[in-house]
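Visitor: One structure is given below, represented as structure tokens, and several questions about it will come after.
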Amino acid sequence: MKPLAFQQIKKEYDSFYKELLSHGKLPLRSTDKGFWGHIPAQDIYEGFKQLNLQEHKTFIDIGSGDGKVVLIASLFCKRAVGIEIDNELFRKSLEMQKNLGIGNAAFFNDDFYNHSIFGFDAVFVYPDEPMHRNLEKKLLNELTGKLIHCGHHFHPQSLRKQHDIMVNGTLMTVYTK
């Protein structure tokens, strides 16, 4: 769980968001194939603690944005992976990983539909469209672990809800097949 390492991650991302805001930009925007939105680092960290993410060895974030969730997950899991189609957000992930010296995370600049999630213990998603459009089919075909769904929106229809938690208004729901 590494609280000191988490504080370093939070500090780096807080600086990044402050820089965006100083240029009149919000930490959210449309991408080539979706929408990137900001989730508070503290909420992710506390949520992962409550969900006992350390019990999982492998983690993947499909649509990993700026990489924050992956780098926080790397504090809990042996291997954390992020897939992001947006070049700018992908580069920011790599920059943050390098600045923080985190070696057990990997990032791929691609459409997550091109990557299998089979074999990952935990799959994270902060969906930007209804799951029934495409993502739920991928999950039904490839999910072997647990889905950690973040947000109040676009929940899967065909997966089984295990439980949910609320951290400062951020909802995380765990699903299985």
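Going by the structure tokens order, chains are called A, B, ..., each with residues numbered from 1, while ligands are numbered from 1 in the order shown.
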Considering only C-alpha atoms, tabulate each residue of range 65-171 of chain A that lies at most 10 Å from range 15-29 of chain A along with its nearest interatomic pair and the corresponding distance in Å to one decimal; arrange the rows by chain and ascending residue number and present them as JSON lines.
Guide:
{"residue": "A:Gly65", "atom": "CA", "partner": "A:Leu28", "partner_atom": "CA", "distance": 9.5}
{"residue": "A:Asp66", "atom": "CA", "partner": "A:Pro27", "partner_atom": "CA", "distance": 9.6}
{"residue": "A:Lys92", "atom": "CA", "partner": "A:Phe16", "partner_atom": "CA", "distance": 9.3}
{"residue": "A:Met96", "atom": "CA", "partner": "A:Phe16", "partner_atom": "CA", "distance": 9.5}
Visitor: Could you find all residues in range 41-165 of chain A that DSSP calls alpha helix (DSSP H) from the backbone, and write them as an MDAnalysis selection string?
Guide: chainID A and resid 41:50 68:73 87:100 135:142
Visitor: Quick one, how far is CA of Leu143 in chain A from CA of Lys161 in chain A?
Guide: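 These two atoms are separated by 13.8 Å.
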Visitor: Which residues are close to His163 in chain A, i.e. within 8 Å by only C-alpha atoms, leaving aside same-chain residues fewer than 6 positions away? Reply as a PyMOL selection string.
Guide: chain A and resi 173-175
Visitor: Find the residues near Ser158 in chain A: any atom within 12 Å, counting only C-alpha atoms, skip ones fewer than 4 places away on the same chain, and give them as a list in words.
Guide: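 Final neighbour list, sorted by chain and number: Met131, His132, Leu135, Glu136, Lys137, Lys138, Leu139, Leu140, Asn141, Tyr175, Thr176 and Lys177 of chain A.
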Visitor: Can you pull out every residue within 10 Å of Arg91 in chain A, counting only C-alpha atoms, but drop anything in the same chain fewer than 4 positions away, and send it as a list in words?
Guide: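 Those residues are Gly65, Asp66, Gly67, Glu84, Asp86, Asn87, Glu95, Met96, Gln97, Phe107, Phe108 and Asn109 of chain A.
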Visitor: If you keep C-alpha atoms, can you produce a file of those selected residues as a PDB file, in the first residue's frame?
Guide:
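Written output follows (selection.pdb):
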ATOM      1  CA  GLY A  65      -5.876   8.226 -19.433  1.00  0.00           C
ATOM      2  CA  ASP A  66      -2.940   9.949 -17.738  1.00  0.00           C
ATOM      3  CA  GLY A  67      -1.886   6.746 -15.940  1.00  0.00           C
ATOM      4  CA  GLU A  84      -4.665   4.375 -23.645  1.00  0.00           C
ATOM      5  CA  ASP A  86      -4.665   9.109 -26.823  1.00  0.00           C
ATOM      6  CA  ASN A  87      -1.012   9.882 -27.618  1.00  0.00           C
ATOM      7  CA  GLU A  95       6.544  10.711 -18.044  1.00  0.00           C
ATOM      8  CA  MET A  96       4.909  10.231 -14.640  1.00  0.00           C
ATOM      9  CA  GLN A  97       6.136   6.643 -14.407  1.00  0.00           C
ATOM     10  CA  PHE A 107       1.613   1.372 -20.612  1.00  0.00           C
ATOM     11  CA  PHE A 108       0.454   0.678 -24.161  1.00  0.00           C
ATOM     12  CA  ASN A 109      -0.605   3.361 -26.637  1.00  0.00           C
TER      13      ASN A 109
END
Visitor: With only C-alpha atoms as the basis for distance, which of A:Ile117, A:Leu100, A:Ala105, A:Val167 is at the shortest distance from Ala41 in chain A?
Guide: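 Residue with the minimum atom-to-atom distance to Ala41 in chain A: A:Val167.
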Visitor: As a ChimeraX atom specification, please: the residues near Gly119 in chain A (cut-off 9 Å, only C-alpha atoms, same-chain neighbours under 6 positions excluded).
Guide: /A:58,142-145
Visitor: With distances taken over only C-alpha atoms, which of A:Leu147, A:Ile85, A:Gly101, A:His153 is nearest to Lys33 in chain A?
Guide: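 Looking at the shortest contact to Lys33 in chain A, the residue is A:Ile85.
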